[in-house]
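> Below are the structure tokens for one structure; questions will follow.
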Amino acid sequence: MSTSTISNETKLIQAAEATAKASANSSSSGSSSDSSSAASLGLSSLASNYTTFLTLLTTQLQHQDPSSPMSSDSFTSELVQFAGTEQQVQTNTKLSSLISLNESSQLSAGSQWIGQVATATSTTLPLQNSSASLSFSATKGQTVAIAISDSSGKIVKTDTGTAASSTNNWSWNGTDNSGTQLADGAYSVSVKTIDSTGTTSDLPFTIKGTVTGVHKGSSDLEVEMGQTSIPLANITNFTAATTSGSKSSTDTGSTAS
């Protein structure tokens with residue numbers, strides 16, 4: 001193997017590792033507020049401000065100059081604004097209730113997916129029962145590198161090879177680069193290639209996992225694959241799991257390990 005080939009392969013692996021680490025770091029962040037609690041807080045704040053407004057208005061009316069009474073236009077206008085704001089908050093509350101009912105219906109319907117194999121566009125790779133798999137698109141003969149990192153951003157597995165066809169399947173038995181068996185869970189994955197000029201780029205890929213549950217996430221329903229949760233919007237299709245006694249074949253130009 002030539003020095004340039006070794007150099008390109010090293011560069012490719014490093015690029016794949018960097019992307020996998022970045023993906024792990026980004027997936028560890030994220031928080032959101034609940035819309036129903038926000039609406040409740042809005043109503044509570046509105047009620048408090050409204051009470052304060054009435055108290056001030058009553059006090060002002062009690063101590064006004066009888067010979068020069070205050071105009072009713074200003075406080076009438078404020079009363080109208082308070083009423084309009086209250087209606088808007090209540091509308092948002094009712095809308096949140098409708099959304100919640102719709103999600104509950106989707107959760108019930110989602111039970112049919114349990115036990116099926118889901119394909120998703122995601123950089124999160126679910127390791128279930130010491131097994132994980134993905135499919136990537138490439139040109140036959142392209143050099144490919146796959147890197148996997150754990151939740152802390154530590155690279156645990158790398159693999160290189162040559163694409164066998166336009167669509168390639170790659171499987172992982174959950175062992176790291178030293179052969180140690182890793183625990184099931186969510187791992188971050190990157191698939192990269194490199195051209196003749198030494199420029200690296202991402203290859204499109206999808207991951208697969210067996211559905212074990214469905215739950216309401218922060219902004220969308222999420223499909224559970226063991227300890228991994230992926231937004232329903234990222235799921236491309238569901239297929240029946242292979243029957244016991246039969247194994248799905250692995251067609252890949254890279255080493256499946």
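Ordered as shown in the structure tokens, chains take letters A, B, and onward, while each chain numbers its residues from 1 and ligands are numbered from 1 in the order shown.
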Which polymer residues have any atom within 6 Å of an atom of region 187-201 of chain A, counting only C-alpha atoms, with same-chain residues fewer than 4 positions away left out, as a PyMOL selection string?
chain A and resi 16+20+24+123-125+143-150
> Please determine, counting only C-alpha atoms, which residue among A:Met225, A:Ile155, A:Val214, A:Val117 has the shortest atom-to-atom distance to Glu17 (chain A).
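With only C-alpha atoms as the atom set, the closest residue is A:Ile155.
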